[in-house]
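Enquirer: Pasting a structure below so you can have a look.
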Amino acid sequence: MKIAVVTGASSGMGREFVFAVDKEFDLDEIWVIARREERLVSLSEKCRSKIRPLAWDLSEKNSFEKYKSLLEEIKPEISVLVNAAGYGLFGTFEQLDLENQLGIAEVNDKALTAMCLLSLPYMKQGDSIINLGSNSSWQPVPYMAVYAASKAYVLSFSRAIGRELKSRGIHVMCVCPGWIKTEFMDRAVHDDTIKYYDRWYTAKQVVDRAMKDLKKKKKVSILGAPVRRQVRLVKHLPVDMVMDTWCRQQGKK
């Protein structure tokens with residue numbers, strides 16, 4: 001049995017990736033993971049592949065036990081794993097809720113790491129892992145400190161395991177988009193701490209670009225020439241200068 005596994009599949013980037021892998025891959029099933037079961041079930045009406053809804057909360061450790069057990073029972077080949085689950089919070093670090101900030105690292109990093117490790121025994125030459133990073137992966141970002149740090153981990157981790165898995169013929173790509181209009185923003189933005197947004201993209205635009213880049217075996221996928229220019233520039237500027245510019249854009253000292 002050939003399958004795809006997509007986390008964060010109930011909305012936003014994850015949902016668009018479900019549609020994309022359903023279109024691009026010949027699959028027996030797509031295992032879709034998120035907390036909202038009714039949204040997962042509704043994907044069946046829009047996909048040609050069979051949808052297996054797995055209503056799990058990836059911030060809870062028992063989710064990985066369930067995933068491991070299901071893999072051992074079915075013994076599928078995972079043609080593509082998409083780690084799109086995650087969230088962020090914008091605001092001053094010391095004023096944001098402790099539990100939620102720890103939760104960012106729990107889902108964005110620990111869950112992603114677990115999903116990769118548990119999935120790899122069921123992947124073969126030609127299979128792929130797609131991890132969702134961010135434009136924030138490239139530099140520290142005040143007022144979204146934990147989120148940006150969590151995405152820096154995703155980029156570094158993806159590059160490292162991509163090198164390790166090269167000999168097995170398993171490709172790893174990190175998707176690093178700019179600002180995207182999804183439900184992510186509804187949770188992340190709770191005040192006017194972040195005021196400046198230079199340009200917006202849709203989840204579909206990001207995913208369409210990612211699937212093209214996956215075919216080209218790119219290690220990082222970045223939608224938009226302005227975002228790519230910014231990434232190149234950030235690599236050559238002092239970190240303090242990058243943070244100063246960001247803070248000025250947000251009206252901070």
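So you can find residues: chains in the structure tokens are A, B, ... in the order shown, residues in each start at 1, and ligands are numbered from 1 in order.
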Considering only C-alpha atoms, return as JSON, numbers by chain whatever protein or nucleic-acid residues lie within 10 Å of Cys176 (chain A), sequence-local ones (same chain, fewer than 4 positions apart) excluded.
Expert: {"A": [131, 132, 133, 134, 135, 136, 137, 138, 151, 154, 155, 206, 210, 220, 221, 222, 223, 227, 228, 231]}
Enquirer: Convert the current residue selection to file output with C-alpha atoms, as a PDB file, in the first residue's frame.
Expert:
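Heads up, here's the output in selection31.pdb:
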```pdb
ATOM      1  CA  ASN A 131       8.686  20.101   6.257  1.00  0.00           C
ATOM      2  CA  LEU A 132       7.011  23.461   6.702  1.00  0.00           C
ATOM      3  CA  GLY A 133       9.472  26.145   7.717  1.00  0.00           C
ATOM      4  CA  SER A 134       8.985  29.885   7.343  1.00  0.00           C
ATOM      5  CA  ASN A 135      10.613  33.051   6.100  1.00  0.00           C
ATOM      6  CA  SER A 136      11.342  33.417   9.831  1.00  0.00           C
ATOM      7  CA  SER A 137      13.640  30.386   9.604  1.00  0.00           C
ATOM      8  CA  TRP A 138      16.509  32.571   8.425  1.00  0.00           C
ATOM      9  CA  LYS A 151      11.188  27.429  12.357  1.00  0.00           C
ATOM     10  CA  VAL A 154      12.894  23.048  11.104  1.00  0.00           C
ATOM     11  CA  LEU A 155      15.193  24.440   8.412  1.00  0.00           C
ATOM     12  CA  VAL A 206       2.880  28.348  -1.742  1.00  0.00           C
ATOM     13  CA  ALA A 210       6.467  23.626  -3.418  1.00  0.00           C
ATOM     14  CA  VAL A 220      14.341  24.636   0.063  1.00  0.00           C
ATOM     15  CA  SER A 221      11.199  26.025  -1.567  1.00  0.00           C
ATOM     16  CA  ILE A 222      10.566  29.778  -1.429  1.00  0.00           C
ATOM     17  CA  LEU A 223       7.668  31.400  -3.248  1.00  0.00           C
ATOM     18  CA  VAL A 227      11.053  36.797  -0.528  1.00  0.00           C
ATOM     19  CA  ARG A 228      14.005  35.067  -2.180  1.00  0.00           C
ATOM     20  CA  VAL A 231      16.572  35.670   2.193  1.00  0.00           C
TER      21      VAL A 231
END
```
Enquirer: Near Asp198 (chain A), within 12 Å and counting only C-alpha atoms, which residues show up once chain neighbours fewer than 3 positions away are dropped, as a PyMOL selection string?
Expert: chain A and resi 178-180+194-195+201+226-227+230+246+249-250
Enquirer: Keeping only C-alpha atoms, write the selected residues to a file as a JSON list (two decimals), in the first residue's frame.
Expert:
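Now in out12.json:
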```
[["chain", "number", "residue", "atom", "x", "y", "z"],
["A", 178, "GLY", "CA", 6.48, 34.59, 3.61],
["A", 179, "TRP", "CA", 3.16, 35.92, 4.93],
["A", 180, "ILE", "CA", 0.27, 33.58, 4.12],
["A", 194, "ILE", "CA", 3.03, 43.14, 14.64],
["A", 195, "LYS", "CA", 1.77, 45.93, 12.36],
["A", 201, "TYR", "CA", 0.47, 34.97, -0.57],
["A", 226, "PRO", "CA", 10.91, 39.45, -3.26],
["A", 227, "VAL", "CA", 11.05, 36.80, -0.53],
["A", 230, "GLN", "CA", 15.19, 39.07, 1.22],
["A", 246, "TRP", "CA", 12.35, 44.52, 11.52],
["A", 249, "GLN", "CA", 9.00, 48.29, 10.52],
["A", 250, "GLN", "CA", 6.90, 47.31, 13.52]]
```
Enquirer: Quick one: pick out all alpha helix (DSSP H) residues within region 37-87 of chain A from a backbone DSSP run and write them as a tab-separated table (two decimals) with C-alpha atoms, in the first residue's frame.
Expert:
```tsv
chain	number	residue	atom	x	y	z
A	37	GLU	CA	-12.12	15.17	12.80
A	38	GLU	CA	-15.07	16.61	10.90
A	39	ARG	CA	-12.74	18.66	8.71
A	40	LEU	CA	-10.59	15.62	8.00
A	41	VAL	CA	-13.61	13.53	7.04
A	42	SER	CA	-14.79	16.25	4.64
A	62	ASN	CA	0.26	9.23	22.81
A	63	SER	CA	-0.40	10.42	19.25
A	64	PHE	CA	2.99	9.04	18.25
A	65	GLU	CA	2.26	5.71	19.91
A	66	LYS	CA	-0.94	5.51	17.87
A	67	TYR	CA	0.91	6.40	14.69
A	68	LYS	CA	3.65	3.85	15.33
A	69	SER	CA	1.11	1.12	16.04
A	70	LEU	CA	-0.86	1.90	12.89
A	71	LEU	CA	2.29	1.79	10.77
A	72	GLU	CA	3.27	-1.56	12.27
A	73	GLU	CA	-0.20	-2.92	11.56
A	74	ILE	CA	-0.61	-1.67	7.96
```
Enquirer: With a distance cut-off of 10 Å and only C-alpha atoms, select the neighbouring residues of Ile3 (chain A), excluding the residue or stretch itself and same-chain residues fewer than 5 positions from it, and output the selection as a PyMOL selection string.
Expert: chain A and resi 21-22+25-31+49-52+76-81
Enquirer: Just give me the gap between CA of Lys124 (chain A) and CA of Glu164 (chain A) in Å, one decimal is fine.
Expert: 13.8 Å
Enquirer: Can you work out which one of A:Tyr153, A:Arg159, A:Thr92, A:Lys212 has the shortest atom-to-atom distance to Lys252 (chain A), counting only C-alpha atoms?
Expert: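 Smallest distance to Lys252 (chain A) is found for A:Thr92.
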Enquirer: Could you give me, as a PyMOL selection string, the residues within 12 Å of Leu102 (chain A), counting only C-alpha atoms and dropping anything in the same chain fewer than 4 positions from it?
Expert: chain A and resi 59+87-89+93+96-98+106-110+145-147+149-150
Enquirer: Could you give me, as a PyMOL selection string, each residue of region 5-205 of chain A that DSSP assigns to strand (DSSP E or B) when run on this structure's backbone?
Expert: chain A and resi 5-7+29-34+50-55+77-83+128-132+171-175+179-180+200-201
Enquirer: May I ask which of the residues A:Val175, A:Met243, A:Asp127, A:Lys61 is the closest one to Asp208 (chain A), counting only C-alpha atoms?
Expert: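 Residue with the minimum atom-to-atom distance to Asp208 (chain A): A:Val175.
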Enquirer: Counting only C-alpha atoms, which residue out of A:Arg36, A:Val141, A:Pro177, A:Lys216 sits closest to Cys247 (chain A)?
Expert: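 Checking each of A:Arg36, A:Val141, A:Pro177, A:Lys216 against Cys247 (chain A), counting only C-alpha atoms, the winner is A:Val141.
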Enquirer: Pick out the closest residue to Gly14 (chain A) from this set: A:Ala55, A:Val82, A:Leu120, A:Ala111. Count only C-alpha atoms.
Expert: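 Looking only at the distances to Gly14 (chain A), the closest residue turns out to be A:Val82.
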Enquirer: For a test of reading the model, state the distance in Å between CA of Ser10 (chain A) and CA of Lys219 (chain A), rounded to one decimal.
Expert: 25.6 Å
Enquirer: So, counting only C-alpha atoms, which residue among A:Phe157, A:Arg232, A:Pro140, A:Gly86 is closest to Leu117 (chain A)?
Expert: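 So, comparing all the options, the nearest one is A:Phe157.
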Enquirer: If I take CA of Lys235 (chain A) and CA of Pro142 (chain A), how far is one from the other in Å, to one decimal?
Expert: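 We find that CA of Lys235 (chain A) and CA of Pro142 (chain A) lie 17.4 Å from each other.
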